[in-house]
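Asker: Next up, structure_15.txt (compact mmCIF, C-alpha atoms and all ligand atoms).
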```txt
# COMPACT_ATOMS: atom_id res chain seq x y z
CA MET B 1495 259.98 -115.45 32.55
CA HIS B 1496 259.88 -112.06 30.96
CA MET B 1497 260.37 -108.81 32.71
CA PRO B 1498 259.59 -106.54 29.84
CA THR B 1499 258.15 -103.62 31.65
CA ILE B 1500 260.24 -104.03 34.72
CA SER B 1501 263.44 -103.17 32.94
CA ARG B 1502 262.00 -100.20 31.19
CA ILE B 1503 260.24 -98.82 34.21
CA ALA B 1504 263.11 -99.67 36.51
CA THR B 1505 265.33 -97.30 34.69
CA ARG B 1506 262.54 -94.81 34.25
CA ALA B 1507 262.13 -94.82 37.97
CA CYS B 1508 265.69 -93.57 38.32
CA LYS B 1509 265.24 -90.74 35.87
CA GLY B 1510 264.94 -88.10 38.57
CA PRO B 1511 268.18 -87.89 40.50
CA LEU B 1512 270.20 -90.36 38.44
CA GLY B 1513 268.63 -90.19 34.99
CA ARG B 1514 269.98 -90.39 31.50
CA GLY B 1515 270.90 -86.76 31.06
CA ARG B 1516 272.90 -86.66 34.29
CA LEU B 1517 274.95 -89.69 33.33
CA GLU B 1518 275.84 -88.25 29.96
CA GLU B 1519 276.76 -84.92 31.53
CA SER B 1520 278.94 -86.67 34.05
CA GLY B 1521 281.06 -88.03 31.23
CA TRP B 1522 280.29 -91.69 31.81
CA ARG B 1523 280.10 -92.27 28.09
CA SER B 1524 283.40 -93.08 26.59
CA PHE B 1525 284.10 -94.51 23.18
CA SER B 1526 287.11 -96.39 22.03
CA ALA B 1527 288.28 -96.33 18.44
CA SER B 1528 287.25 -99.87 17.68
CA SER B 1529 285.81 -103.00 19.23
CA SER B 1530 287.75 -106.18 19.27
CA PHE B 1531 284.68 -108.07 18.10
CA ASP B 1532 284.55 -108.14 14.34
CA LYS B 1533 281.48 -110.29 13.78
CA LEU B 1534 278.47 -110.07 16.10
CA GLY B 1535 275.77 -112.71 16.45
CA VAL B 1536 272.30 -112.09 17.91
CA ILE B 1537 270.04 -114.99 18.83
CA GLY B 1538 266.33 -114.27 19.14
CA LEU B 1539 264.88 -111.19 17.47
CA GLY B 1540 262.03 -110.49 19.86
CA LEU B 1541 261.44 -107.37 21.90
CA MET B 1542 265.06 -107.22 23.10
CA GLY B 1543 267.03 -109.08 20.44
CA HIS B 1544 265.87 -106.97 17.50
CA GLY B 1545 267.03 -103.89 19.40
CA VAL B 1546 270.44 -105.38 20.19
CA CYS B 1547 270.82 -106.37 16.55
CA GLN B 1548 269.88 -102.89 15.35
CA VAL B 1549 272.11 -101.08 17.83
CA GLY B 1550 275.04 -103.40 17.08
CA ALA B 1551 274.68 -102.92 13.32
CA ALA B 1552 274.19 -99.15 13.63
CA SER B 1553 277.29 -98.76 15.81
CA GLY B 1554 279.44 -99.31 12.75
CA ILE B 1555 282.00 -101.37 14.68
CA HIS B 1556 281.08 -104.77 13.22
CA SER B 1557 281.85 -106.05 9.75
CA GLU B 1558 278.69 -108.16 9.92
CA VAL B 1559 275.83 -108.96 12.29
CA ILE B 1560 274.34 -112.45 12.06
CA ALA B 1561 270.72 -112.39 13.26
CA PHE B 1562 269.36 -115.83 14.05
CA GLU B 1563 265.86 -117.13 14.75
CA PRO B 1564 265.02 -120.81 14.33
CA GLU B 1565 261.75 -120.19 12.49
CA GLN B 1566 261.28 -118.11 9.35
CA GLN B 1567 258.12 -116.37 10.58
CA TYR B 1568 259.88 -115.05 13.69
CA LEU B 1569 262.93 -114.11 11.68
CA ASP B 1570 260.68 -112.10 9.34
CA ARG B 1571 258.95 -110.49 12.31
CA GLY B 1572 262.30 -109.45 13.79
CA LYS B 1573 263.51 -108.08 10.47
CA ASP B 1574 260.31 -106.12 10.09
CA ARG B 1575 260.72 -104.64 13.59
CA ILE B 1576 264.26 -103.50 12.80
CA GLU B 1577 263.25 -102.03 9.44
CA LYS B 1578 260.35 -100.14 11.00
CA SER B 1579 262.47 -98.81 13.85
CA ILE B 1580 265.15 -97.60 11.43
CA ALA B 1581 262.55 -96.06 9.11
CA LYS B 1582 261.17 -94.14 12.09
CA LEU B 1583 264.61 -92.76 12.89
CA VAL B 1584 265.03 -91.67 9.27
CA SER B 1585 261.60 -90.05 9.16
CA LYS B 1586 262.41 -88.12 12.35
CA GLY B 1587 265.72 -86.95 10.90
CA LYS B 1588 267.70 -88.89 13.50
CA MET B 1589 269.40 -91.11 10.92
CA THR B 1590 270.32 -90.49 7.31
CA GLN B 1591 269.02 -92.80 4.59
CA GLU B 1592 272.60 -93.67 3.82
CA ALA B 1593 273.30 -94.75 7.42
CA ALA B 1594 270.01 -96.68 7.45
CA ASP B 1595 270.98 -98.57 4.30
CA GLU B 1596 274.42 -99.25 5.70
CA THR B 1597 273.00 -100.53 9.00
CA LEU B 1598 270.53 -102.87 7.31
CA GLY B 1599 273.20 -103.96 4.84
CA LYS B 1600 275.34 -105.21 7.74
CA ILE B 1601 272.72 -107.65 9.01
CA THR B 1602 272.46 -111.19 7.70
CA PHE B 1603 269.12 -112.71 8.70
CA THR B 1604 269.18 -116.46 8.98
CA THR B 1605 267.50 -119.56 10.35
CA ASP B 1606 270.72 -121.52 9.92
CA MET B 1607 272.64 -121.74 13.18
CA ALA B 1608 275.82 -122.75 11.36
CA GLN B 1609 276.13 -119.15 10.20
CA LEU B 1610 277.01 -118.22 13.79
CA MET B 1611 280.05 -120.46 13.64
CA ASP B 1612 282.72 -117.78 13.18
CA THR B 1613 281.11 -114.93 15.09
CA ASP B 1614 283.29 -113.33 17.80
CA PHE B 1615 280.56 -112.32 20.23
CA ILE B 1616 277.01 -113.59 20.50
CA VAL B 1617 274.18 -111.93 22.43
CA GLU B 1618 271.39 -114.35 23.24
CA ALA B 1619 267.91 -112.92 23.78
CA VAL B 1620 265.55 -115.90 23.52
CA ILE B 1621 262.54 -116.41 25.74
CA GLU B 1622 263.20 -116.70 29.44
CA ASN B 1623 263.09 -120.46 29.84
CA ILE B 1624 266.00 -122.35 31.33
CA ASN B 1625 265.27 -125.58 29.45
CA LEU B 1626 265.20 -123.77 26.14
CA LYS B 1627 268.41 -121.92 26.99
CA ARG B 1628 270.09 -125.16 28.10
CA ASP B 1629 269.38 -126.82 24.74
CA LEU B 1630 270.42 -123.70 22.86
CA TYR B 1631 273.74 -123.26 24.67
CA SER B 1632 274.61 -126.96 24.41
CA GLU B 1633 274.15 -126.75 20.65
CA LEU B 1634 275.84 -123.38 20.31
CA GLY B 1635 278.87 -124.64 22.22
CA GLN B 1636 279.29 -127.30 19.55
CA VAL B 1637 278.59 -125.03 16.58
CA CYS B 1638 280.76 -121.98 17.34
CA LYS B 1639 284.52 -121.64 17.18
CA PRO B 1640 286.12 -122.06 20.63
CA GLU B 1641 286.97 -118.35 20.95
CA THR B 1642 283.40 -117.13 20.45
CA ILE B 1643 282.19 -115.33 23.57
CA PHE B 1644 278.59 -115.91 24.62
CA ALA B 1645 276.52 -113.27 26.41
CA SER B 1646 273.01 -113.82 27.74
CA ASN B 1647 270.50 -110.99 28.07
CA THR B 1648 268.56 -112.92 30.72
CA SER B 1649 266.78 -110.88 33.39
CA SER B 1650 266.42 -113.57 35.98
CA LEU B 1651 268.25 -116.81 35.18
CA SER B 1652 271.63 -117.80 36.54
CA ILE B 1653 274.48 -116.81 34.23
CA SER B 1654 276.69 -119.47 35.85
CA GLU B 1655 274.18 -122.18 35.08
CA MET B 1656 273.96 -121.21 31.40
CA ALA B 1657 277.74 -120.87 31.21
CA GLY B 1658 277.93 -124.50 32.33
CA PHE B 1659 275.59 -125.63 29.55
CA SER B 1660 277.75 -123.90 26.95
CA GLY B 1661 280.85 -125.96 27.77
CA ARG B 1662 282.92 -122.73 27.77
CA PRO B 1663 282.23 -121.04 31.12
CA GLN B 1664 285.36 -118.88 30.85
CA ASN B 1665 283.93 -117.32 27.68
CA PHE B 1666 280.53 -116.50 29.11
CA VAL B 1667 279.06 -113.26 30.51
CA GLY B 1668 275.67 -111.61 30.95
CA VAL B 1669 274.76 -108.39 29.13
CA HIS B 1670 271.49 -107.15 30.54
CA PHE B 1671 269.97 -104.53 28.27
CA PHE B 1672 266.90 -102.48 29.12
CA ASN B 1673 263.76 -102.04 27.08
CA PRO B 1674 263.59 -100.36 24.61
CA VAL B 1675 267.17 -101.22 23.71
CA GLN B 1676 267.41 -98.47 21.11
CA LEU B 1677 266.76 -95.81 23.76
CA MET B 1678 267.93 -97.13 27.08
CA LYS B 1679 271.57 -96.42 27.87
CA LEU B 1680 272.28 -98.85 30.69
CA VAL B 1681 273.69 -102.35 30.22
CA GLU B 1682 274.57 -104.46 33.23
CA VAL B 1683 277.58 -106.64 32.38
CA ILE B 1684 277.63 -109.77 34.53
CA HIS B 1685 280.58 -111.95 35.41
CA THR B 1686 280.57 -115.33 37.09
CA ASP B 1687 283.31 -116.93 39.17
CA GLN B 1688 284.51 -118.63 36.03
CA THR B 1689 284.44 -115.74 33.56
CA ASP B 1690 287.91 -114.98 32.23
CA PRO B 1691 288.63 -111.37 33.28
CA ALA B 1692 289.90 -110.59 29.76
CA VAL B 1693 286.59 -111.82 28.35
CA PHE B 1694 284.66 -109.64 30.78
CA ASP B 1695 286.76 -106.61 29.83
CA LYS B 1696 286.07 -107.19 26.15
CA ALA B 1697 282.33 -107.44 26.75
CA TYR B 1698 282.39 -104.31 28.90
CA GLN B 1699 284.31 -102.45 26.22
CA TRP B 1700 281.88 -103.64 23.55
CA VAL B 1701 279.00 -102.12 25.48
CA GLN B 1702 280.82 -98.79 25.42
CA ASP B 1703 281.67 -99.21 21.76
CA ILE B 1704 278.01 -99.52 20.81
CA GLY B 1705 277.24 -96.30 22.69
CA LYS B 1706 275.78 -97.67 25.91
CA VAL B 1707 276.81 -97.23 29.54
CA PRO B 1708 278.10 -100.47 31.11
CA VAL B 1709 278.04 -101.32 34.79
CA SER B 1710 279.67 -104.38 36.27
CA CYS B 1711 277.87 -106.86 38.51
CA GLY B 1712 278.31 -110.38 39.83
CA ASP B 1713 275.85 -113.17 39.09
CA THR B 1714 273.27 -112.20 41.70
CA PRO B 1715 269.46 -112.37 41.35
CA GLY B 1716 268.13 -109.27 39.60
CA PHE B 1717 271.67 -107.95 39.07
CA ILE B 1718 271.80 -104.31 40.25
CA VAL B 1719 268.64 -102.59 39.06
CA ASN B 1720 266.04 -105.23 39.77
CA ARG B 1721 267.81 -106.44 42.89
CA LEU B 1722 267.30 -103.00 44.40
CA LEU B 1723 264.02 -102.13 42.77
CA VAL B 1724 261.96 -105.28 43.35
CA PRO B 1725 262.60 -105.51 47.12
CA ALA B 1726 261.66 -101.81 47.38
CA LEU B 1727 258.29 -102.61 45.79
CA MET B 1728 257.84 -105.47 48.24
CA GLN B 1729 258.61 -103.19 51.20
CA ALA B 1730 255.92 -100.78 50.01
CA MET B 1731 253.42 -103.65 49.87
CA LEU B 1732 254.44 -104.82 53.34
CA MET B 1733 253.63 -101.34 54.64
CA VAL B 1734 250.14 -101.73 53.17
CA ASP B 1735 249.91 -105.22 54.70
CA ARG B 1736 250.74 -103.81 58.11
CA GLY B 1737 248.29 -100.94 57.70
CA GLU B 1738 251.02 -98.36 58.26
CA ALA B 1739 250.26 -96.11 55.30
CA SER B 1740 247.81 -95.93 52.43
CA VAL B 1741 248.56 -96.74 48.80
CA ARG B 1742 248.18 -93.09 47.90
CA ASP B 1743 250.42 -91.84 50.68
CA ILE B 1744 253.21 -94.33 49.94
CA ASP B 1745 253.26 -93.39 46.27
CA VAL B 1746 253.00 -89.65 46.84
CA SER B 1747 255.84 -89.89 49.37
CA MET B 1748 258.23 -91.58 47.00
CA GLN B 1749 257.32 -89.20 44.19
CA LEU B 1750 257.59 -85.98 46.12
CA GLY B 1751 260.08 -87.05 48.76
CA ALA B 1752 262.46 -89.22 46.76
CA GLY B 1753 261.91 -87.69 43.33
CA HIS B 1754 260.74 -90.91 41.71
CA PRO B 1755 258.59 -90.42 38.60
CA MET B 1756 256.00 -92.85 39.96
CA GLY B 1757 255.41 -94.45 43.34
CA PRO B 1758 256.26 -98.12 44.03
CA LEU B 1759 252.67 -99.38 44.04
CA HIS B 1760 251.84 -97.53 40.85
CA LEU B 1761 254.98 -99.05 39.35
CA ALA B 1762 254.07 -102.55 40.55
CA ASP B 1763 250.64 -102.19 38.90
CA TYR B 1764 252.35 -101.03 35.73
CA ILE B 1765 254.75 -103.99 35.65
CA GLY B 1766 251.97 -106.47 36.47
CA LEU B 1767 251.42 -107.90 39.93
CA ASP B 1768 251.66 -111.44 38.53
CA THR B 1769 255.13 -110.67 37.13
CA CYS B 1770 256.22 -109.16 40.46
CA CYS B 1771 254.87 -112.19 42.30
CA PHE B 1772 256.56 -114.63 39.91
CA ILE B 1773 259.94 -112.96 40.28
CA VAL B 1774 259.85 -112.79 44.06
CA LYS B 1775 258.47 -116.31 44.48
CA GLY B 1776 261.43 -117.63 42.50
CA TRP B 1777 263.87 -115.63 44.62
CA VAL B 1778 262.26 -116.72 47.89
CA GLU B 1779 262.47 -120.36 46.84
CA LEU B 1780 266.08 -120.13 45.73
CA PHE B 1781 267.28 -117.86 48.53
CA PRO B 1782 265.13 -118.56 51.61
CA ASP B 1783 267.68 -116.93 53.92
CA GLU B 1784 267.81 -113.60 52.09
CA PRO B 1785 265.72 -111.20 54.21
CA ALA B 1786 265.18 -108.79 51.28
CA PHE B 1787 263.18 -111.45 49.42
CA VAL B 1788 259.71 -111.56 50.93
CA LEU B 1789 256.30 -112.15 49.45
CA PRO B 1790 253.73 -109.72 50.87
CA LYS B 1791 250.30 -111.11 51.66
CA ILE B 1792 248.53 -108.39 49.71
CA LEU B 1793 250.47 -109.27 46.58
CA GLN B 1794 249.45 -112.92 46.80
CA THR B 1795 245.84 -111.99 47.53
CA LYS B 1796 245.59 -109.64 44.58
CA VAL B 1797 247.20 -112.11 42.18
CA ALA B 1798 244.87 -114.90 43.36
CA ALA B 1799 241.90 -112.57 42.75
CA GLY B 1800 243.10 -111.77 39.22
CA GLU B 1801 243.82 -108.15 40.16
CA LEU B 1802 247.05 -107.87 38.27
CA GLY B 1803 247.28 -104.11 37.85
CA ARG B 1804 247.11 -102.14 34.62
CA LYS B 1805 246.63 -105.18 32.39
CA THR B 1806 243.44 -106.29 34.14
CA GLY B 1807 242.14 -102.80 34.99
CA LYS B 1808 242.59 -103.27 38.72
CA GLY B 1809 245.48 -103.79 41.15
CA PHE B 1810 246.51 -101.28 43.79
CA TYR B 1811 244.72 -98.76 41.54
CA HIS B 1812 241.83 -98.77 39.10
CA TRP B 1813 243.02 -98.49 35.50
CA ASP B 1814 241.37 -97.38 32.30
CA GLY B 1815 243.78 -98.72 29.72
CA ASP B 1816 247.05 -96.94 30.39
CA LYS B 1817 245.36 -94.29 32.50
CA ARG B 1818 245.63 -94.72 36.25
CA GLY B 1819 242.60 -93.97 38.38
CA ASP B 1820 242.04 -93.87 42.14
CA PRO B 1821 243.52 -96.36 44.59
CA VAL B 1822 241.41 -99.46 45.19
CA GLU B 1823 239.74 -99.06 48.58
N1 LIG A 1901 261.52 -107.70 27.68
C1 LIG A 1901 262.31 -107.02 28.51
O1 LIG A 1901 262.03 -105.90 28.96
C2 LIG A 1901 263.62 -107.60 28.86
C3 LIG A 1901 264.56 -106.75 29.44
C4 LIG A 1901 265.81 -107.26 29.71
C5 LIG A 1901 266.09 -108.59 29.46
N2 LIG A 1901 265.14 -109.40 28.91
C6 LIG A 1901 265.50 -110.78 28.62
O2 LIG A 1901 265.74 -110.87 27.21
C7 LIG A 1901 265.39 -112.18 26.76
C8 LIG A 1901 264.38 -112.05 25.64
O3 LIG A 1901 263.26 -111.38 26.10
P1 LIG A 1901 262.23 -110.69 25.09
O4 LIG A 1901 261.35 -109.86 25.92
O5 LIG A 1901 262.96 -110.11 23.95
O6 LIG A 1901 261.42 -111.97 24.59
P2 LIG A 1901 260.55 -112.14 23.26
O7 LIG A 1901 259.60 -113.24 23.54
O8 LIG A 1901 260.06 -110.83 22.78
O9 LIG A 1901 261.62 -112.66 22.20
C9 LIG A 1901 262.24 -113.92 22.30
C10 LIG A 1901 262.58 -114.38 20.90
O10 LIG A 1901 263.33 -115.58 20.99
C11 LIG A 1901 262.95 -116.41 19.91
N3 LIG A 1901 263.33 -117.78 20.18
C12 LIG A 1901 262.67 -118.72 20.85
N4 LIG A 1901 263.40 -119.85 20.89
C13 LIG A 1901 264.53 -119.62 20.22
C14 LIG A 1901 265.68 -120.38 19.92
N5 LIG A 1901 265.81 -121.66 20.32
N6 LIG A 1901 266.65 -119.81 19.21
C15 LIG A 1901 266.55 -118.55 18.81
N7 LIG A 1901 265.49 -117.75 19.07
C16 LIG A 1901 264.48 -118.31 19.78
C17 LIG A 1901 261.47 -116.18 19.76
O11 LIG A 1901 261.03 -116.55 18.45
C18 LIG A 1901 261.35 -114.69 20.03
O12 LIG A 1901 261.42 -113.92 18.84
C19 LIG A 1901 264.90 -112.92 27.99
O13 LIG A 1901 265.97 -113.66 28.52
C20 LIG A 1901 264.47 -111.81 28.94
O14 LIG A 1901 264.56 -112.18 30.29
C21 LIG A 1901 263.92 -108.92 28.60
```
Starting from the file, lay out its structure as C-alpha cells.
Answerer:
Amino acid sequence: MHMPTISRIATRACKGPLGRGRLEESGWRSFSASSSFDKLGVIGLGLMGHGVCQVGAASGIHSEVIAFEPEQQYLDRGKDRIEKSIAKLVSKGKMTQEAADETLGKITFTTDMAQLMDTDFIVEAVIENINLKRDLYSELGQVCKPETIFASNTSSLSISEMAGFSGRPQNFVGVHFFNPVQLMKLVEVIHTDQTDPAVFDKAYQWVQDIGKVPVSCGDTPGFIVNRLLVPALMQAMLMVDRGEASVRDIDVSMQLGAGHPMGPLHLADYIGLDTCCFIVKGWVELFPDEPAFVLPKILQTKVAAGELGRKTGKGFYHWDGDKRGDPVE
C-alpha cells in the first residue's frame, strides 16, 4: 500500500502552528561532525527511494551510495529522477555545479544486489507489499555483512515483522521519510522491542547528519503522524455520518479555528478516499479493540460509489483537476 499523498499532506497540515520554519527556529536541527555510516545503500528508487538516495549523497557524509533496483528500466528511471532533481537545484542556484557533480559521483547505480554486501546502512523503499519485502529481506540478510543495519521506509507495515524476515532483528529500524524527501524535514525513526539501542541511536544520528529532523517512535500503526492524522479524518467523517455538521463547516472550523491549512475532509479527498479506506480497514482488522480505528459509513459508501475525491473529480467535494469546488450535497 502506498500513502504517497498522505505523508506529504500530513506534514503540510501541521505547517501552521508546528511547521517547518518553527522547528528550525527552535533549534531542533543539530549536526554532528560525521556519521558513523560510511557506505549507504538504498533499495528501490521510486518516489521515495530516489529522494533518500539524493539526500544521502548530497549530505557529503558517505564515501559511496549504492542505489539498487532489480530491473534496469527502473534503475534508469530512478537515476533520471535524481539527475533532474539535482539539475533543478542547480538551475535555481540552490546547488553549485561542483556540488551536483560530486553528489552524482558518489552514487553507484546497480541491479546487482551483491554490491550492497559491505554497506553499513541500507534504506529500503520498495513498493508497500509485505510478500515482496519478506523475500527481499530474507535475501538481503544473506547477502549483507552481519553488521549492516537495515531500515525500512514503510508507511504501514510492521517493522517487527520485517525485522524477523531479515534474520537480524537487533539491526533493524524504520526510517519513515515524507514526500517529497528532498524538501520534507521530518523523519520518524522507529524501534521495535528487539532493536539494539545502539543501532537505534546510530540511525537517529544519521537522520540528523543528512540534515533532517528525527523523531523517535515505537512500532505502532501509522507511527506518529499518520496515527494522529488518520483517526482525525475519520472523526470528521463520523460527524458527517451523524449529521452533526456539514462538510463545509467542519473544514472551515479546522482551518480557521485550529490553523490547519486545509480541513480534514478536503484533505481526505486530496489523499484519496480509497487510500484512507484501505489504511483504516487494515487497522480495524488488525486492532479491533482500538477505539480510534473506525470506518465511517460515509467513507465506505463513497468508495463503493467510486467517489474517491480529487482523483475521480468527486468525493466530499467536486474537483476540477487539482482545483476544489463546492461540497457535494
Ligand atoms: N509515497 C509516499 O508518500 C511515501 C511516504 C512515506 C513512505 N513511503 C513508503 O516508501 C516505500 C516506497 O514507496 P514509493 O512511494 O517510493 O513507491 P514507488 O512505487 O514509487 O517506488 C518503489 C520502487 O521499488 C522498486 N522495487 C520493486 N521491487 C523491488 C525489489 N525487489 N527490490 C528493489 N526495488 C524494488 C520499484 O521498481 C519502484 O521503483 C513504501 O514502503 C511506502 O509505504 C511512501
Asker: From the list B:Val1683, B:Leu1630, B:Leu1534, B:Ile1576, which residue is nearest ligand LIG 1901 (chain A) when using all atoms listed in the file?
Answerer: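 Ranking B:Val1683, B:Leu1630, B:Leu1534, B:Ile1576 by distance to ligand LIG 1901 (chain A), first place goes to B:Leu1630.
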Asker: Could you pull out the residues sitting within 8 Å of ligand LIG 1901 (chain A), using only C-alpha atoms and all ligand atoms, and write them as a VMD selection string?
Answerer: chain B and resid 1495 to 1502 1537 to 1544 1562 to 1565 1568 to 1569 1571 to 1572 1618 to 1623 1626 to 1627 1629 to 1630 1646 to 1651 1670 to 1674
Asker: Restricting the calculation to all atoms listed in the file, which member of B:His1760, B:Lys1533, B:Arg1662, B:Lys1588 is positioned closest to Asp1614 in chain B?
Answerer: B:Lys1533
Asker: Between CA of Ile1684 in chain B and CA of Asn1625 in chain B, measure the distance and give it in Å to one decimal.
Answerer: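 CA of Ile1684 in chain B sits 20.7 Å away from CA of Asn1625 in chain B.
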Asker: Which one is closest to Thr1686 in chain B: B:Leu1634, B:Val1701, B:Leu1598, B:Ala1645? Count all atoms listed in the file.
Answerer: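 Among the listed residues, the smallest separation from Thr1686 in chain B belongs to B:Ala1645.
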Asker: Could you pull the residues within 6 Å of Trp1813 in chain B, counting only C-alpha atoms, minus those fewer than 6 positions along the same chain, as a VMD selection string?
Answerer: chain B and resid 1804 1807 1819
Asker: If we draw a sphere of 10 Å around (283.8, -124.1, 28.4), which residues have at least one atom in it when counting all atoms listed in the file? Please report them as an NGL selection string.
Answerer: :B and (1635 or 1640-1641 or 1657-1666 or 1688-1689)
Asker: Can you list, as number ranges by chain, every protein, DNA or RNA residue that comes within 8 Å of Ala1786 in chain B when you count all atoms listed in the file, leaving out same-chain residues fewer than 2 positions away?
Answerer: B: 1725, 1784, 1788
Asker: Could you tell me how far CA of Asp1703 in chain B sits from CA of Glu1596 in chain B, in Å to one decimal place?
Answerer: 17.6 Å
Asker: Quick one: residues within 8 Å of Ile1580 in chain B, all atoms listed in the file, excluding same-chain residues fewer than 3 positions away - as an MDAnalysis selection string?
Answerer: chainID B and resid 1576:1577 1583:1584 1589 1594
Asker: CA of Glu1655 in chain B and CA of Val1675 in chain B, how far apart in Å?
Answerer: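 Answer for the CA of Val1675 in chain B to CA of Glu1655 in chain B separation: 24.9 Å.
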Asker: Which of these, B:Met1733, B:Met1748, B:Val1667, B:Asp1695, has the shortest distance to Gly1712 in chain B once you count all atoms listed in the file?
Answerer: B:Val1667
Asker: Determine the nearest neighbour of Val1734 in chain B from the options B:Lys1791, B:His1754, B:Arg1721, B:Arg1628, counting only C-alpha atoms.
Answerer: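 Closest to Val1734 in chain B of all the choices is B:Lys1791.
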Asker: Taking into account all atoms listed in the file, which residue in the set B:Met1756, B:Ile1624, B:Ala1799, B:Val1637 is nearest to Ser1652 in chain B?
Answerer: B:Ile1624
Asker: Hey, what's within 9 Å of Thr1613 in chain B if we count all atoms listed in the file and toss same-chain stuff fewer than 5 positions away? As a ChimeraX atom specification, please?
Answerer: /B:1531-1535,1558-1560,1638-1639,1641-1643
